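For reference, the structure discussed in these notes is given below.
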Amino acid sequence: MAAANPWDPALEPNAAGLLLGHLVASGMVTQKSLEIELLELEKETADVVHPFYLAQKCHTLQSTNTHLEAVLKKKRSLRQRLLKPMCQENLPMEAVYHRYMVHLLQLAVTFIEKLETHLETVRNIPHLDENLKKMSKALAKMDILVHETEELAENILKWREQQKEVSSWIPKS
């Protein structure tokens with residue numbers, strides 16, 4: 001015995017169908033408003049369920065599936081290639097150039113070590129004008145502070161001289 005299709009409208013109505021029938025019969029919802037809502041829903045979802053877009057998605061999934069199947073078939077050979085050391089396979093060179101290669105590798109290591117500093121410098125280039133303005137303001141403030149410090153030092157020296165003069169007037173007992 002085949003199972004009944006719950007979506008088949010020819011079968012006895014389900015709870016949703018009974019409720020809609022009751023609402024239409026009572027006049028709370030009209031057949032026309034239901035049709036309008038159904039058309040609006042179709043309009044909103046047309047690009048998702050349109051056969052053209054579904055065919056594109058299906059084709060994409062099939063090509064991805066084909067690619068993954070090919071990768072699985074080649075898994076053993078890929079694993080062996082990845083585990084295999086790559087030394088002296090890609091850069092065969094004559095012995096006379098080995099010393100230059102050593103020097104080149106030293107330069108590459110030095111560059112990689114300083115790469116973060118270089119990148120930070122490049123990142124700061126757009127902010128250079130702003131940083132220069134900040135440095136100019138800081139320099140101006142430092143000049144003012146230096147001038148004030150010099151004035152304070154002069155005042156302290158004058159005060160010391162005055163204290164020496166006052167103490168010289170006081171008789172020692």
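By order of appearance in the structure tokens: chains A, B, ..., then residues from 1 within every chain, and ligands from 1 in the order shown.
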
When DSSP is applied to the backbone of this structure, which of region 7-159 of chain A are assigned helix (DSSP H, G or I)? Write them out as a PDB file with C-alpha atoms, in the first residue's frame.
ATOM      1  CA  ALA A  15      -5.776  21.862   9.465  1.00  0.00           C
ATOM      2  CA  ALA A  16      -4.354  24.745   7.418  1.00  0.00           C
ATOM      3  CA  GLY A  17      -6.863  24.148   4.645  1.00  0.00           C
ATOM      4  CA  LEU A  18      -9.751  23.989   7.103  1.00  0.00           C
ATOM      5  CA  LEU A  19      -8.624  27.227   8.784  1.00  0.00           C
ATOM      6  CA  LEU A  20      -8.300  29.055   5.451  1.00  0.00           C
ATOM      7  CA  GLY A  21     -11.710  27.775   4.380  1.00  0.00           C
ATOM      8  CA  HIS A  22     -13.231  29.007   7.612  1.00  0.00           C
ATOM      9  CA  LEU A  23     -11.573  32.452   7.269  1.00  0.00           C
ATOM     10  CA  VAL A  24     -12.729  32.813   3.659  1.00  0.00           C
ATOM     11  CA  ALA A  25     -16.259  31.726   4.592  1.00  0.00           C
ATOM     12  CA  SER A  26     -16.456  34.191   7.479  1.00  0.00           C
ATOM     13  CA  GLN A  31      -9.966  34.797  -2.133  1.00  0.00           C
ATOM     14  CA  LYS A  32      -8.556  37.813  -3.980  1.00  0.00           C
ATOM     15  CA  SER A  33      -6.305  38.878  -1.054  1.00  0.00           C
ATOM     16  CA  LEU A  34      -4.953  35.329  -0.831  1.00  0.00           C
ATOM     17  CA  GLU A  35      -4.233  35.332  -4.553  1.00  0.00           C
ATOM     18  CA  ILE A  36      -2.507  38.739  -4.277  1.00  0.00           C
ATOM     19  CA  GLU A  37      -0.320  37.516  -1.404  1.00  0.00           C
ATOM     20  CA  LEU A  38       0.522  34.383  -3.377  1.00  0.00           C
ATOM     21  CA  LEU A  39       1.537  36.488  -6.401  1.00  0.00           C
ATOM     22  CA  GLU A  40       3.670  38.778  -4.199  1.00  0.00           C
ATOM     23  CA  LEU A  41       5.364  35.740  -2.691  1.00  0.00           C
ATOM     24  CA  GLU A  42       6.034  34.339  -6.164  1.00  0.00           C
ATOM     25  CA  LYS A  43       7.472  37.707  -7.224  1.00  0.00           C
ATOM     26  CA  GLU A  44       9.808  37.821  -4.206  1.00  0.00           C
ATOM     27  CA  THR A  45      11.054  34.273  -4.671  1.00  0.00           C
ATOM     28  CA  ALA A  46      11.059  34.155  -8.474  1.00  0.00           C
ATOM     29  CA  ASP A  47      14.822  34.585  -8.776  1.00  0.00           C
ATOM     30  CA  VAL A  48      15.451  31.788  -6.282  1.00  0.00           C
ATOM     31  CA  VAL A  49      13.159  29.161  -7.784  1.00  0.00           C
ATOM     32  CA  PRO A  51      14.599  27.192 -13.549  1.00  0.00           C
ATOM     33  CA  PHE A  52      17.412  29.245 -15.117  1.00  0.00           C
ATOM     34  CA  TYR A  53      18.996  30.008 -11.743  1.00  0.00           C
ATOM     35  CA  LEU A  54      18.354  26.508 -10.468  1.00  0.00           C
ATOM     36  CA  ALA A  55      20.065  25.101 -13.578  1.00  0.00           C
ATOM     37  CA  GLN A  56      23.095  27.347 -12.937  1.00  0.00           C
ATOM     38  CA  LYS A  57      23.302  26.243  -9.311  1.00  0.00           C
ATOM     39  CA  CYS A  58      22.892  22.610 -10.329  1.00  0.00           C
ATOM     40  CA  HIS A  59      25.654  22.950 -12.928  1.00  0.00           C
ATOM     41  CA  THR A  60      27.966  24.574 -10.357  1.00  0.00           C
ATOM     42  CA  LEU A  61      27.294  21.802  -7.861  1.00  0.00           C
ATOM     43  CA  GLN A  62      27.902  19.137 -10.504  1.00  0.00           C
ATOM     44  CA  SER A  63      31.213  20.688 -11.567  1.00  0.00           C
ATOM     45  CA  THR A  64      32.298  20.998  -7.918  1.00  0.00           C
ATOM     46  CA  ASN A  65      31.312  17.382  -7.347  1.00  0.00           C
ATOM     47  CA  THR A  66      33.281  16.284 -10.421  1.00  0.00           C
ATOM     48  CA  HIS A  67      36.323  18.227  -9.227  1.00  0.00           C
ATOM     49  CA  LEU A  68      36.137  16.715  -5.733  1.00  0.00           C
ATOM     50  CA  GLU A  69      35.804  13.216  -7.185  1.00  0.00           C
ATOM     51  CA  ALA A  70      38.921  13.834  -9.289  1.00  0.00           C
ATOM     52  CA  VAL A  71      40.773  15.089  -6.210  1.00  0.00           C
ATOM     53  CA  LEU A  72      39.779  11.974  -4.276  1.00  0.00           C
ATOM     54  CA  LYS A  73      41.022   9.776  -7.131  1.00  0.00           C
ATOM     55  CA  LYS A  75      44.556  11.715  -3.311  1.00  0.00           C
ATOM     56  CA  ARG A  76      47.252   9.040  -3.082  1.00  0.00           C
ATOM     57  CA  SER A  77      49.451  10.665  -5.730  1.00  0.00           C
ATOM     58  CA  LEU A  78      48.912  14.127  -4.214  1.00  0.00           C
ATOM     59  CA  ARG A  79      49.852  12.869  -0.758  1.00  0.00           C
ATOM     60  CA  GLN A  80      53.005  11.242  -2.130  1.00  0.00           C
ATOM     61  CA  ARG A  81      53.939  14.433  -3.995  1.00  0.00           C
ATOM     62  CA  LEU A  82      53.412  16.543  -0.876  1.00  0.00           C
ATOM     63  CA  LEU A  83      55.463  14.206   1.312  1.00  0.00           C
ATOM     64  CA  ALA A  95      78.413  24.558  -8.893  1.00  0.00           C
ATOM     65  CA  VAL A  96      80.012  27.855  -9.938  1.00  0.00           C
ATOM     66  CA  TYR A  97      76.823  29.682  -8.954  1.00  0.00           C
ATOM     67  CA  HIS A  98      76.435  28.108  -5.508  1.00  0.00           C
ATOM     68  CA  ARG A  99      78.256  30.919  -3.679  1.00  0.00           C
ATOM     69  CA  TYR A 100      75.984  33.493  -5.302  1.00  0.00           C
ATOM     70  CA  MET A 101      72.981  31.447  -4.271  1.00  0.00           C
ATOM     71  CA  VAL A 102      74.228  31.385  -0.679  1.00  0.00           C
ATOM     72  CA  HIS A 103      74.577  35.166  -0.748  1.00  0.00           C
ATOM     73  CA  LEU A 104      71.134  35.510  -2.315  1.00  0.00           C
ATOM     74  CA  LEU A 105      69.601  33.323   0.394  1.00  0.00           C
ATOM     75  CA  GLN A 106      71.289  35.418   3.090  1.00  0.00           C
ATOM     76  CA  LEU A 107      69.798  38.539   1.523  1.00  0.00           C
ATOM     77  CA  ALA A 108      66.372  36.868   1.357  1.00  0.00           C
ATOM     78  CA  VAL A 109      66.545  35.880   5.032  1.00  0.00           C
ATOM     79  CA  THR A 110      67.545  39.417   5.993  1.00  0.00           C
ATOM     80  CA  PHE A 111      64.691  40.829   3.925  1.00  0.00           C
ATOM     81  CA  ILE A 112      62.172  38.472   5.498  1.00  0.00           C
ATOM     82  CA  GLU A 113      63.424  39.385   8.986  1.00  0.00           C
ATOM     83  CA  LYS A 114      62.932  43.096   8.216  1.00  0.00           C
ATOM     84  CA  LEU A 115      59.708  42.587   6.238  1.00  0.00           C
ATOM     85  CA  GLU A 116      57.404  43.478   9.142  1.00  0.00           C
ATOM     86  CA  THR A 117      59.294  46.745   9.695  1.00  0.00           C
ATOM     87  CA  HIS A 118      59.105  47.561   5.992  1.00  0.00           C
ATOM     88  CA  LEU A 119      55.384  46.796   5.878  1.00  0.00           C
ATOM     89  CA  GLU A 120      54.760  48.983   8.917  1.00  0.00           C
ATOM     90  CA  THR A 121      56.661  51.800   7.206  1.00  0.00           C
ATOM     91  CA  VAL A 122      54.572  51.421   4.058  1.00  0.00           C
ATOM     92  CA  ARG A 123      51.358  51.361   6.118  1.00  0.00           C
ATOM     93  CA  ASN A 124      52.384  54.619   7.805  1.00  0.00           C
ATOM     94  CA  ILE A 125      53.023  56.499   4.552  1.00  0.00           C
ATOM     95  CA  PRO A 126      49.391  57.690   4.178  1.00  0.00           C
ATOM     96  CA  HIS A 127      49.522  59.034   7.746  1.00  0.00           C
ATOM     97  CA  LEU A 128      52.850  60.791   7.251  1.00  0.00           C
ATOM     98  CA  ASP A 129      51.425  64.334   6.978  1.00  0.00           C
ATOM     99  CA  GLU A 130      49.339  63.843  10.100  1.00  0.00           C
ATOM    100  CA  ASN A 131      52.332  62.446  11.993  1.00  0.00           C
ATOM    101  CA  LEU A 132      54.512  65.363  10.865  1.00  0.00           C
ATOM    102  CA  LYS A 133      51.899  67.826  12.128  1.00  0.00           C
ATOM    103  CA  LYS A 134      51.794  66.016  15.462  1.00  0.00           C
ATOM    104  CA  MET A 135      55.582  66.063  15.666  1.00  0.00           C
ATOM    105  CA  SER A 136      55.643  69.796  14.871  1.00  0.00           C
ATOM    106  CA  LYS A 137      53.115  70.474  17.634  1.00  0.00           C
ATOM    107  CA  ALA A 138      55.118  68.331  20.058  1.00  0.00           C
ATOM    108  CA  LEU A 139      58.313  70.177  19.099  1.00  0.00           C
ATOM    109  CA  ALA A 140      56.628  73.542  19.650  1.00  0.00           C
ATOM    110  CA  LYS A 141      55.417  72.381  23.078  1.00  0.00           C
ATOM    111  CA  MET A 142      58.915  71.171  23.924  1.00  0.00           C
ATOM    112  CA  ASP A 143      60.362  74.568  22.916  1.00  0.00           C
ATOM    113  CA  ILE A 144      57.868  76.303  25.210  1.00  0.00           C
ATOM    114  CA  LEU A 145      58.716  73.917  28.057  1.00  0.00           C
ATOM    115  CA  VAL A 146      62.457  74.452  27.511  1.00  0.00           C
ATOM    116  CA  HIS A 147      61.948  78.224  27.572  1.00  0.00           C
ATOM    117  CA  GLU A 148      59.884  77.984  30.770  1.00  0.00           C
ATOM    118  CA  THR A 149      62.488  75.689  32.346  1.00  0.00           C
ATOM    119  CA  GLU A 150      65.245  78.164  31.500  1.00  0.00           C
ATOM    120  CA  GLU A 151      63.215  80.983  33.070  1.00  0.00           C
ATOM    121  CA  LEU A 152      62.645  78.879  36.196  1.00  0.00           C
ATOM    122  CA  ALA A 153      66.346  78.070  36.403  1.00  0.00           C
ATOM    123  CA  GLU A 154      67.190  81.780  36.152  1.00  0.00           C
ATOM    124  CA  ASN A 155      64.629  82.609  38.835  1.00  0.00           C
ATOM    125  CA  ILE A 156      66.021  79.892  41.113  1.00  0.00           C
ATOM    126  CA  LEU A 157      69.554  81.230  40.635  1.00  0.00           C
ATOM    127  CA  LYS A 158      68.360  84.783  41.431  1.00  0.00           C
ATOM    128  CA  TRP A 159      66.532  83.525  44.489  1.00  0.00           C
TER     129      TRP A 159
END
